[in-house]
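J.: Pasting entry-v1.cif here (mmCIF, C-alpha atoms, pLDDT in the B column; chains and numbers go by the auth columns):
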data_upload
loop_
_atom_site.group_PDB
_atom_site.id
_atom_site.type_symbol
_atom_site.label_atom_id
_atom_site.label_comp_id
_atom_site.label_asym_id
_atom_site.label_seq_id
_atom_site.Cartn_x
_atom_site.Cartn_y
_atom_site.Cartn_z
_atom_site.B_iso_or_equiv
_atom_site.auth_seq_id
_atom_site.auth_asym_id
ATOM 1 C CA MET A 1 -57.518 -41.623 -33.725 61.00 550 T
ATOM 2 C CA MET A 2 -54.840 -39.108 -34.789 63.00 551 T
ATOM 3 C CA SER A 3 -56.944 -36.199 -33.489 67.00 552 T
ATOM 4 C CA LYS A 4 -56.064 -36.923 -29.850 80.00 553 T
ATOM 5 C CA LEU A 5 -52.321 -36.736 -30.511 86.00 554 T
ATOM 6 C CA GLY A 6 -50.012 -33.772 -30.033 88.00 555 T
ATOM 7 C CA ARG A 7 -48.287 -32.295 -33.055 89.00 556 T
ATOM 8 C CA GLY A 8 -44.906 -33.925 -32.332 90.00 557 T
ATOM 9 C CA GLN A 9 -46.622 -37.294 -32.026 92.00 558 T
ATOM 10 C CA LYS A 10 -48.510 -36.811 -35.293 91.00 559 T
ATOM 11 C CA ASP A 11 -45.215 -35.974 -37.019 91.00 560 T
ATOM 12 C CA LYS A 12 -43.691 -39.184 -35.700 92.00 561 T
ATOM 13 C CA VAL A 13 -46.642 -41.239 -36.947 92.00 562 T
ATOM 14 C CA GLN A 14 -46.315 -39.657 -40.414 90.00 563 T
ATOM 15 C CA GLN A 15 -42.545 -40.217 -40.465 88.00 564 T
ATOM 16 C CA PHE A 16 -42.922 -43.815 -39.308 88.00 565 T
ATOM 17 C CA MET A 17 -45.520 -44.531 -42.002 84.00 566 T
ATOM 18 C CA ALA A 18 -43.365 -42.887 -44.681 80.00 567 T
ATOM 19 C CA ILE A 19 -40.277 -44.945 -43.847 77.00 568 T
ATOM 20 C CA THR A 20 -41.856 -48.323 -43.133 76.00 569 T
ATOM 21 C CA GLY A 21 -44.867 -48.234 -45.436 74.00 570 T
ATOM 22 C CA ALA A 22 -46.921 -49.377 -42.405 76.00 571 T
ATOM 23 C CA SER A 23 -50.541 -48.419 -41.768 81.00 572 T
ATOM 24 C CA GLU A 24 -51.488 -45.711 -39.252 87.00 573 T
ATOM 25 C CA LYS A 25 -52.731 -48.385 -36.856 85.00 574 T
ATOM 26 C CA VAL A 26 -49.423 -50.308 -36.939 84.00 575 T
ATOM 27 C CA ALA A 27 -47.455 -47.027 -36.599 89.00 576 T
ATOM 28 C CA LEU A 28 -49.433 -46.063 -33.492 90.00 577 T
ATOM 29 C CA GLN A 29 -48.956 -49.499 -31.915 88.00 578 T
ATOM 30 C CA ALA A 30 -45.185 -49.455 -32.456 89.00 579 T
ATOM 31 C CA LEU A 31 -44.756 -45.858 -31.273 92.00 580 T
ATOM 32 C CA LYS A 32 -46.863 -46.375 -28.140 90.00 581 T
ATOM 33 C CA ALA A 33 -44.945 -49.572 -27.333 89.00 582 T
ATOM 34 C CA SER A 34 -41.638 -47.697 -27.598 90.00 583 T
ATOM 35 C CA ASP A 35 -42.797 -44.674 -25.556 92.00 584 T
ATOM 36 C CA TRP A 36 -42.797 -42.522 -28.695 94.00 585 T
ATOM 37 C CA HIS A 37 -39.112 -43.098 -29.525 91.00 586 T
ATOM 38 C CA LEU A 38 -38.864 -43.362 -33.306 89.00 587 T
ATOM 39 C CA GLU A 39 -35.723 -45.549 -33.346 88.00 588 T
ATOM 40 C CA GLY A 40 -37.256 -47.865 -30.743 88.00 589 T
ATOM 41 C CA ALA A 41 -40.467 -48.076 -32.758 89.00 590 T
ATOM 42 C CA PHE A 42 -38.471 -49.047 -35.887 85.00 591 T
ATOM 43 C CA ASP A 43 -36.714 -51.782 -33.914 84.00 592 T
ATOM 44 C CA ILE A 44 -40.055 -53.164 -32.730 81.00 593 T
ATOM 45 C CA PHE A 45 -41.502 -52.988 -36.237 81.00 594 T
ATOM 46 C CA TYR A 46 -38.530 -54.669 -37.945 76.00 595 T
ATOM 47 C CA SER A 47 -38.045 -57.392 -35.335 74.00 596 T
ATOM 48 C CA GLN A 48 -41.610 -58.639 -35.565 68.00 597 T
ATOM 49 C CA PRO A 49 -42.551 -60.952 -38.401 56.00 598 T
ATOM 50 C CA GLN A 50 -44.559 -58.576 -40.487 54.00 599 T
ATOM 51 C CA ILE A 51 -48.068 -59.290 -41.536 48.00 600 T
ATOM 52 C CA ARG A 52 -47.307 -59.694 -45.188 47.00 601 T
ATOM 53 C CA ALA A 53 -49.477 -57.822 -47.594 55.00 602 T
ATOM 54 C CA VAL A 54 -51.226 -60.150 -49.984 60.00 603 T
ATOM 55 C CA THR A 55 -49.489 -60.145 -53.345 68.00 604 T
ATOM 56 C CA ASP A 56 -51.160 -60.814 -56.638 80.00 605 T
ATOM 57 C CA THR A 57 -49.268 -63.616 -58.407 84.00 606 T
ATOM 58 C CA ARG A 58 -50.512 -62.442 -61.798 87.00 607 T
ATOM 59 C CA HIS A 59 -48.953 -59.001 -61.230 88.00 608 T
ATOM 60 C CA LEU A 60 -45.697 -60.634 -60.150 92.00 609 T
ATOM 61 C CA GLU A 61 -45.588 -62.782 -63.295 93.00 610 T
ATOM 62 C CA GLU A 62 -46.189 -59.678 -65.449 92.00 611 T
ATOM 63 C CA LEU A 63 -43.324 -57.898 -63.696 94.00 612 T
ATOM 64 C CA TYR A 64 -41.040 -60.884 -64.168 96.00 613 T
ATOM 65 C CA LYS A 65 -41.891 -60.925 -67.881 96.00 614 T
ATOM 66 C CA ARG A 66 -40.976 -57.258 -68.175 96.00 615 T
ATOM 67 C CA TYR A 67 -37.439 -57.859 -66.872 97.00 616 T
ATOM 68 C CA ARG A 68 -36.823 -61.419 -68.070 97.00 617 T
ATOM 69 C CA ASP A 69 -34.057 -62.044 -70.606 97.00 618 T
ATOM 70 C CA PRO A 70 -35.416 -62.820 -74.111 96.00 619 T
ATOM 71 C CA ASP A 71 -33.189 -65.919 -74.432 96.00 620 T
ATOM 72 C CA VAL A 72 -32.902 -67.353 -70.908 96.00 621 T
ATOM 73 C CA ASP A 73 -35.532 -67.845 -68.220 97.00 622 T
ATOM 74 C CA MET A 74 -33.784 -65.409 -65.872 98.00 623 T
ATOM 75 C CA ILE A 75 -33.428 -61.714 -65.214 98.00 624 T
ATOM 76 C CA LEU A 76 -29.897 -60.715 -66.285 97.00 625 T
ATOM 77 C CA VAL A 77 -27.897 -57.468 -66.445 96.00 626 T
ATOM 78 C CA GLU A 78 -30.214 -55.697 -68.937 97.00 627 T
ATOM 79 C CA GLY A 79 -33.302 -56.654 -66.930 98.00 628 T
ATOM 80 C CA ILE A 80 -31.761 -55.471 -63.673 97.00 629 T
ATOM 81 C CA SER A 81 -30.707 -52.222 -65.261 97.00 630 T
ATOM 82 C CA LEU A 82 -34.317 -51.714 -66.460 97.00 631 T
ATOM 83 C CA LEU A 83 -35.589 -52.566 -62.956 97.00 632 T
ATOM 84 C CA CYS A 84 -33.217 -49.981 -61.426 97.00 633 T
ATOM 85 C CA ASN A 85 -34.406 -47.473 -63.983 96.00 634 T
ATOM 86 C CA ASP A 86 -38.062 -48.151 -63.059 96.00 635 T
ATOM 87 C CA LEU A 87 -37.205 -47.848 -59.357 96.00 636 T
ATOM 88 C CA GLN A 88 -35.180 -44.666 -60.015 96.00 637 T
ATOM 89 C CA VAL A 89 -32.119 -46.053 -58.233 97.00 638 T
ATOM 90 C CA ASP A 90 -28.517 -46.373 -59.366 96.00 639 T
ATOM 91 C CA PRO A 91 -27.552 -50.035 -59.991 94.00 640 T
ATOM 92 C CA GLN A 92 -24.555 -49.417 -57.661 94.00 641 T
ATOM 93 C CA ASP A 93 -26.876 -48.317 -54.831 96.00 642 T
ATOM 94 C CA ILE A 94 -26.511 -50.487 -51.723 96.00 643 T
ATOM 95 C CA VAL A 95 -30.301 -50.861 -51.579 97.00 644 T
ATOM 96 C CA MET A 96 -29.968 -53.281 -54.534 97.00 645 T
ATOM 97 C CA LEU A 97 -27.756 -55.482 -52.358 97.00 646 T
ATOM 98 C CA VAL A 98 -30.414 -55.480 -49.618 97.00 647 T
ATOM 99 C CA LEU A 99 -33.076 -56.317 -52.218 98.00 648 T
ATOM 100 C CA SER A 100 -30.938 -59.197 -53.557 98.00 649 T
ATOM 101 C CA TRP A 101 -30.528 -60.456 -49.978 97.00 650 T
ATOM 102 C CA HIS A 102 -34.323 -60.526 -49.602 97.00 651 T
ATOM 103 C CA MET A 103 -34.548 -62.407 -52.890 96.00 652 T
ATOM 104 C CA LYS A 104 -31.885 -64.878 -51.656 96.00 653 T
ATOM 105 C CA ALA A 105 -30.153 -64.291 -54.992 97.00 654 T
ATOM 106 C CA ALA A 106 -27.280 -66.694 -55.676 95.00 655 T
ATOM 107 C CA THR A 107 -25.286 -64.420 -58.002 95.00 656 T
ATOM 108 C CA MET A 108 -24.792 -60.710 -58.536 95.00 657 T
ATOM 109 C CA CYS A 109 -26.694 -59.222 -61.526 94.00 658 T
ATOM 110 C CA GLU A 110 -29.046 -62.216 -61.863 96.00 659 T
ATOM 111 C CA PHE A 111 -32.433 -63.190 -60.491 98.00 660 T
ATOM 112 C CA SER A 112 -34.024 -66.548 -61.204 97.00 661 T
ATOM 113 C CA HIS A 113 -37.809 -66.741 -61.556 96.00 662 T
ATOM 114 C CA GLN A 114 -38.079 -68.223 -58.042 95.00 663 T
ATOM 115 C CA GLU A 115 -35.752 -65.621 -56.466 97.00 664 T
ATOM 116 C CA PHE A 116 -37.564 -62.687 -58.027 97.00 665 T
ATOM 117 C CA ILE A 117 -41.149 -63.818 -57.360 95.00 666 T
ATOM 118 C CA GLY A 118 -40.354 -65.298 -53.926 94.00 667 T
ATOM 119 C CA GLY A 119 -38.452 -62.193 -52.833 95.00 668 T
ATOM 120 C CA LEU A 120 -41.212 -59.791 -53.797 95.00 669 T
ATOM 121 C CA GLN A 121 -43.802 -62.022 -52.112 91.00 670 T
ATOM 122 C CA SER A 122 -41.771 -62.064 -48.908 90.00 671 T
ATOM 123 C CA LEU A 123 -41.631 -58.249 -49.047 92.00 672 T
ATOM 124 C CA GLY A 124 -45.375 -58.115 -49.660 89.00 673 T
ATOM 125 C CA VAL A 125 -45.104 -56.066 -52.871 92.00 674 T
ATOM 126 C CA ASP A 126 -46.422 -56.817 -56.349 89.00 675 T
ATOM 127 C CA SER A 127 -45.836 -53.571 -58.258 92.00 676 T
ATOM 128 C CA ILE A 128 -43.022 -51.106 -58.915 94.00 677 T
ATOM 129 C CA PRO A 129 -44.685 -48.245 -56.964 92.00 678 T
ATOM 130 C CA LYS A 130 -45.055 -50.565 -53.942 92.00 679 T
ATOM 131 C CA LEU A 131 -41.444 -51.702 -54.213 96.00 680 T
ATOM 132 C CA ARG A 132 -40.290 -48.097 -54.585 94.00 681 T
ATOM 133 C CA GLU A 133 -42.184 -47.200 -51.385 93.00 682 T
ATOM 134 C CA LYS A 134 -40.425 -50.072 -49.647 94.00 683 T
ATOM 135 C CA LEU A 135 -36.884 -48.885 -50.482 96.00 684 T
ATOM 136 C CA PRO A 136 -36.470 -46.572 -47.439 94.00 685 T
ATOM 137 C CA SER A 137 -37.325 -49.441 -45.098 94.00 686 T
ATOM 138 C CA LEU A 138 -34.848 -51.717 -46.928 96.00 687 T
ATOM 139 C CA ARG A 139 -32.148 -49.080 -46.404 95.00 688 T
ATOM 140 C CA HIS A 140 -33.092 -48.846 -42.755 93.00 689 T
ATOM 141 C CA GLU A 141 -32.412 -52.559 -42.298 94.00 690 T
ATOM 142 C CA LEU A 142 -28.690 -51.820 -42.682 95.00 691 T
ATOM 143 C CA ARG A 143 -28.835 -50.031 -39.315 93.00 692 T
ATOM 144 C CA ASP A 144 -29.864 -53.229 -37.585 92.00 693 T
ATOM 145 C CA GLU A 145 -26.626 -54.906 -36.344 92.00 694 T
ATOM 146 C CA GLN A 146 -27.894 -58.445 -36.917 93.00 695 T
ATOM 147 C CA LYS A 147 -29.269 -57.730 -40.384 95.00 696 T
ATOM 148 C CA PHE A 148 -26.151 -55.809 -41.383 96.00 697 T
ATOM 149 C CA ARG A 149 -24.069 -58.861 -40.439 96.00 698 T
ATOM 150 C CA GLU A 150 -26.340 -61.163 -42.477 96.00 699 T
ATOM 151 C CA ILE A 151 -26.256 -58.839 -45.488 97.00 700 T
ATOM 152 C CA TYR A 152 -22.468 -58.437 -45.134 97.00 701 T
ATOM 153 C CA ASN A 153 -21.935 -62.217 -45.094 97.00 702 T
ATOM 154 C CA PHE A 154 -24.453 -62.715 -47.927 97.00 703 T
ATOM 155 C CA ALA A 155 -22.500 -60.202 -50.061 97.00 704 T
ATOM 156 C CA PHE A 156 -19.425 -62.464 -50.097 97.00 705 T
ATOM 157 C CA SER A 157 -21.032 -65.414 -51.881 95.00 706 T
ATOM 158 C CA TRP A 158 -23.337 -63.182 -53.943 96.00 707 T
ATOM 159 C CA ALA A 159 -20.435 -61.192 -55.429 96.00 708 T
ATOM 160 C CA ARG A 160 -18.207 -64.200 -56.223 95.00 709 T
ATOM 161 C CA GLU A 161 -17.586 -65.436 -59.751 91.00 710 T
ATOM 162 C CA LYS A 162 -19.522 -68.654 -60.357 86.00 711 T
ATOM 163 C CA GLY A 163 -17.523 -71.687 -59.279 87.00 712 T
ATOM 164 C CA GLN A 164 -14.904 -69.614 -57.398 90.00 713 T
ATOM 165 C CA LYS A 165 -14.286 -70.071 -53.669 93.00 714 T
ATOM 166 C CA PRO A 166 -12.505 -66.807 -52.814 96.00 715 T
ATOM 167 C CA LEU A 167 -13.729 -63.364 -53.841 96.00 716 T
ATOM 168 C CA ALA A 168 -11.740 -61.469 -56.518 96.00 717 T
ATOM 169 C CA LEU A 169 -9.822 -58.608 -54.880 97.00 718 T
ATOM 170 C CA ASP A 170 -11.314 -55.831 -57.044 96.00 719 T
ATOM 171 C CA THR A 171 -14.825 -57.039 -56.324 96.00 720 T
ATOM 172 C CA ALA A 172 -14.073 -57.329 -52.597 97.00 721 T
ATOM 173 C CA LEU A 173 -12.714 -53.764 -52.491 97.00 722 T
ATOM 174 C CA GLY A 174 -15.836 -52.454 -54.234 96.00 723 T
ATOM 175 C CA MET A 175 -18.123 -54.342 -51.838 97.00 724 T
ATOM 176 C CA TRP A 176 -16.208 -53.136 -48.755 97.00 725 T
ATOM 177 C CA ARG A 177 -16.370 -49.521 -49.896 96.00 726 T
ATOM 178 C CA LEU A 178 -20.108 -49.923 -50.444 95.00 727 T
ATOM 179 C CA LEU A 179 -20.816 -51.664 -47.120 96.00 728 T
ATOM 180 C CA PHE A 180 -18.534 -49.552 -44.958 95.00 729 T
ATOM 181 C CA SER A 181 -19.773 -46.283 -46.382 87.00 730 T
ATOM 182 C CA GLU A 182 -22.975 -47.332 -44.523 79.00 731 T
ATOM 183 C CA LYS A 183 -21.117 -48.373 -41.386 81.00 732 T
ATOM 184 C CA HIS A 184 -18.784 -45.344 -41.527 86.00 733 T
ATOM 185 C CA TRP A 185 -15.534 -47.194 -40.813 93.00 734 T
ATOM 186 C CA PRO A 186 -12.828 -44.512 -41.064 94.00 735 T
ATOM 187 C CA LEU A 187 -10.069 -47.002 -42.013 96.00 736 T
ATOM 188 C CA VAL A 188 -11.797 -48.480 -45.075 96.00 737 T
ATOM 189 C CA GLU A 189 -9.627 -46.645 -47.641 96.00 738 T
ATOM 190 C CA HIS A 190 -6.431 -47.594 -45.769 96.00 739 T
ATOM 191 C CA TRP A 191 -7.578 -51.224 -45.720 97.00 740 T
ATOM 192 C CA CYS A 192 -8.209 -51.180 -49.480 97.00 741 T
ATOM 193 C CA GLN A 193 -4.826 -49.543 -50.192 96.00 742 T
ATOM 194 C CA PHE A 194 -3.063 -51.997 -47.886 97.00 743 T
ATOM 195 C CA LEU A 195 -4.579 -54.979 -49.730 97.00 744 T
ATOM 196 C CA GLN A 196 -3.598 -53.599 -53.129 96.00 745 T
ATOM 197 C CA VAL A 197 -0.015 -52.879 -52.031 94.00 746 T
ATOM 198 C CA ARG A 198 0.722 -55.856 -49.778 92.00 747 T
ATOM 199 C CA HIS A 199 -1.694 -58.638 -50.629 92.00 748 T
ATOM 200 C CA ASN A 200 -2.952 -58.356 -54.182 89.00 749 T
ATOM 201 C CA LYS A 201 -4.748 -61.733 -54.063 94.00 750 T
ATOM 202 C CA ALA A 202 -8.339 -62.920 -53.838 96.00 751 T
ATOM 203 C CA ILE A 203 -10.066 -62.705 -50.435 96.00 752 T
ATOM 204 C CA SER A 204 -11.061 -65.776 -48.426 95.00 753 T
ATOM 205 C CA ARG A 205 -14.363 -66.070 -46.594 95.00 754 T
ATOM 206 C CA ASP A 206 -12.466 -66.165 -43.298 94.00 755 T
ATOM 207 C CA THR A 207 -10.781 -62.802 -43.947 95.00 756 T
ATOM 208 C CA TRP A 208 -14.117 -61.401 -45.103 97.00 757 T
ATOM 209 C CA SER A 209 -16.045 -62.357 -41.973 95.00 758 T
ATOM 210 C CA GLN A 210 -13.200 -61.599 -39.531 95.00 759 T
ATOM 211 C CA LEU A 211 -12.852 -58.080 -40.898 97.00 760 T
ATOM 212 C CA LEU A 212 -16.405 -57.279 -39.785 96.00 761 T
ATOM 213 C CA GLU A 213 -15.540 -58.492 -36.260 95.00 762 T
ATOM 214 C CA PHE A 214 -12.454 -56.286 -36.336 96.00 763 T
ATOM 215 C CA VAL A 215 -14.468 -53.249 -37.461 96.00 764 T
ATOM 216 C CA LYS A 216 -17.107 -53.872 -34.792 94.00 765 T
ATOM 217 C CA THR A 217 -14.795 -54.507 -31.861 94.00 766 T
ATOM 218 C CA ILE A 218 -11.576 -52.526 -32.447 94.00 767 T
ATOM 219 C CA ASP A 219 -11.689 -48.738 -32.300 92.00 768 T
ATOM 220 C CA PRO A 220 -10.149 -46.846 -35.267 93.00 769 T
ATOM 221 C CA GLN A 221 -7.143 -45.741 -33.173 92.00 770 T
ATOM 222 C CA LEU A 222 -6.557 -49.462 -32.353 93.00 771 T
ATOM 223 C CA SER A 223 -6.226 -48.643 -28.649 92.00 772 T
ATOM 224 C CA ASN A 224 -8.008 -51.898 -27.713 93.00 773 T
ATOM 225 C CA TYR A 225 -6.249 -54.117 -30.275 93.00 774 T
ATOM 226 C CA ASP A 226 -4.534 -57.154 -28.744 89.00 775 T
ATOM 227 C CA GLU A 227 -1.575 -58.563 -30.681 83.00 776 T
ATOM 228 C CA GLU A 228 -2.131 -61.900 -28.973 84.00 777 T
ATOM 229 C CA GLY A 229 -5.753 -61.963 -30.203 84.00 778 T
ATOM 230 C CA ALA A 230 -6.731 -64.610 -32.730 85.00 779 T
ATOM 231 C CA TRP A 231 -6.984 -62.294 -35.757 90.00 780 T
ATOM 232 C CA PRO A 232 -6.072 -63.642 -39.221 89.00 781 T
ATOM 233 C CA TYR A 233 -2.482 -62.803 -40.215 90.00 782 T
ATOM 234 C CA LEU A 234 -3.773 -60.342 -42.821 93.00 783 T
ATOM 235 C CA ILE A 235 -5.429 -58.204 -40.131 94.00 784 T
ATOM 236 C CA ASP A 236 -2.266 -58.327 -37.989 93.00 785 T
ATOM 237 C CA GLU A 237 -0.272 -57.165 -41.025 95.00 786 T
ATOM 238 C CA PHE A 238 -2.768 -54.379 -41.606 96.00 787 T
ATOM 239 C CA VAL A 239 -2.242 -53.139 -38.050 95.00 788 T
ATOM 240 C CA GLU A 240 1.546 -53.101 -38.646 94.00 789 T
ATOM 241 C CA TYR A 241 0.995 -51.234 -41.910 96.00 790 T
ATOM 242 C CA LEU A 242 -1.128 -48.583 -40.140 95.00 791 T
ATOM 243 C CA THR A 243 1.513 -48.101 -37.460 94.00 792 T
ATOM 244 C CA GLU A 244 4.485 -48.025 -39.888 93.00 793 T
ATOM 245 C CA ASN A 245 2.736 -45.413 -42.006 92.00 794 T
ATOM 246 C CA GLY A 246 1.892 -43.263 -39.010 90.00 795 T
ATOM 247 C CA ILE A 247 -1.848 -43.613 -39.644 91.00 796 T
ATOM 248 C CA VAL A 248 -2.403 -44.677 -36.038 90.00 797 T
ATOM 249 C CA PRO A 249 -0.207 -43.936 -33.007 87.00 798 T
ATOM 250 C CA SER A 250 2.696 -46.345 -32.489 80.00 799 T
ATOM 251 C CA ARG A 251 1.820 -49.156 -30.103 65.00 800 T
ATOM 252 C CA LYS A 252 5.033 -48.995 -28.047 57.00 801 T
#
Any chance you could give the structure as structure tokens?
T.:
Amino acid sequence: MMSKLGRGQKDKVQQFMAITGASEKVALQALKASDWHLEGAFDIFYSQPQIRAVTDTRHLEELYKRYRDPDVDMILVEGISLLCNDLQVDPQDIVMLVLSWHMKAATMCEFSHQEFIGGLQSLGVDSIPKLREKLPSLRHELRDEQKFREIYNFAFSWAREKGQKPLALDTALGMWRLLFSEKHWPLVEHWCQFLQVRHNKAISRDTWSQLLEFVKTIDPQLSNYDEEGAWPYLIDEFVEYLTENGIVPSRK
């Protein structure tokens, strides 16, 4: 099948297979459907419910046992650190947030038996090599606007202390730096400094979700920012802070 393709097309098939872990047949279908545009082919691939690979429950149980805490029927910090070690990723890597989102994990640094097994089944993997191969496609999901929004909103409840409604400021700052290093928002450091200087309190869900809207709709020079818009007061104060400190042009 590959023999009829030009060299550029073959390269795209190889690249597509490497990033998505898809078979040659699936790669060809997606690339042909997108007129050989790689980005378009990824969009097609990720928007379709994937034909899940069959996972072996026995393998999944073995994996769970490897990471499970000796005293509690859960995977806790030590288990996650061992998992990261096996996957050769830093525990601070954003891909671990995407993985936790797939596992529908309730709390940072913990996986229940159901979350771990269910998440790996939904990804169609039942071994560490298969999960490692899947990591590039998990990273790629952050480029999808809709998925980024879901992962961003998931991060708020995932990173909270148990039983707390707002998100501790330090944790929120860490999560924003992580998420917006992906989204490349040039004002992220100013936002973090502003919160430490002017706010210094935990972050509400409303502020959390509105900030993403702000980042998506308002350009970094704030030329399209409307003072009459319905932004939370904290975002309005941030805009004043940017102007007062000469970080953006004055709005007069």
J.: What's around Glu659 in chain T at 9 Å? Count all atoms listed in the file, leave out sequence neighbours fewer than 6 positions away in its own chain, and write the answer as an mmCIF file with C-alpha atoms, in the coordinates of the input.
T.:
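The new file around.cif reads:
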data_model
loop_
_atom_site.group_PDB
_atom_site.id
_atom_site.type_symbol
_atom_site.label_atom_id
_atom_site.label_comp_id
_atom_site.auth_asym_id
_atom_site.auth_seq_id
_atom_site.Cartn_x
_atom_site.Cartn_y
_atom_site.Cartn_z
ATOM 1 C CA MET T 623 -33.784 -65.409 -65.872
ATOM 2 C CA ILE T 624 -33.428 -61.714 -65.214
ATOM 3 C CA LEU T 625 -29.897 -60.715 -66.285
ATOM 4 C CA VAL T 626 -27.897 -57.468 -66.445
ATOM 5 C CA GLY T 628 -33.302 -56.654 -66.930
ATOM 6 C CA ILE T 629 -31.761 -55.471 -63.673
#
J.: Kindly extract all protein, DNA and RNA residues lying within 12 Å of the coordinates (-30.4, -65.8, -49.4) given in the file, considering only C-alpha atoms, and supply them as a PyMOL selection string.
T.: chain T and resi 646-657+660+663-665+667-668+671+699-707
J.: Separation of CA of Ile643 in chain T and CA of Leu727 in chain T, in Å?
T.: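 Pair CA of Ile643 in chain T / CA of Leu727 in chain T returns 6.6 Å.
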J.: Return as lines of an AutoDock Vina configuration file the box centre and box size in Å, one decimal, for an axis-aligned box around all listed atoms of range 646-649 of chain T padded by 4 Å per side.
T.:
center_x = -30.4
center_y = -57.3
center_z = -51.6
size_x = 13.3
size_y = 11.7
size_z = 11.9
J.: So, counting all atoms listed in the file, which residue among T:Arg615, T:His739, T:Lys732, T:Lys765 is closest to Arg692 in chain T?
T.: T:Lys732
J.: When you count all atoms listed in the file, which of these residues is closest to Lys581 in chain T: T:Ile752, T:Leu554, T:Leu684, T:Leu783?
T.: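 The answer is T:Leu554, which sits nearest to Lys581 in chain T.
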J.: From the options T:Val788, T:Leu687, T:Val562, T:Ile666, which residue's atoms come nearest to Asp642 in chain T, counting all atoms listed in the file?
T.: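 Checking each of T:Val788, T:Leu687, T:Val562, T:Ile666 against Asp642 in chain T, counting all atoms listed in the file, the winner is T:Leu687.
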J.: What does the distance between CA of Glu690 in chain T and CA of Ala590 in chain T come to in Å, to one decimal place?
T.: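 Taking CA of Glu690 in chain T and CA of Ala590 in chain T, their separation equals 13.3 Å.
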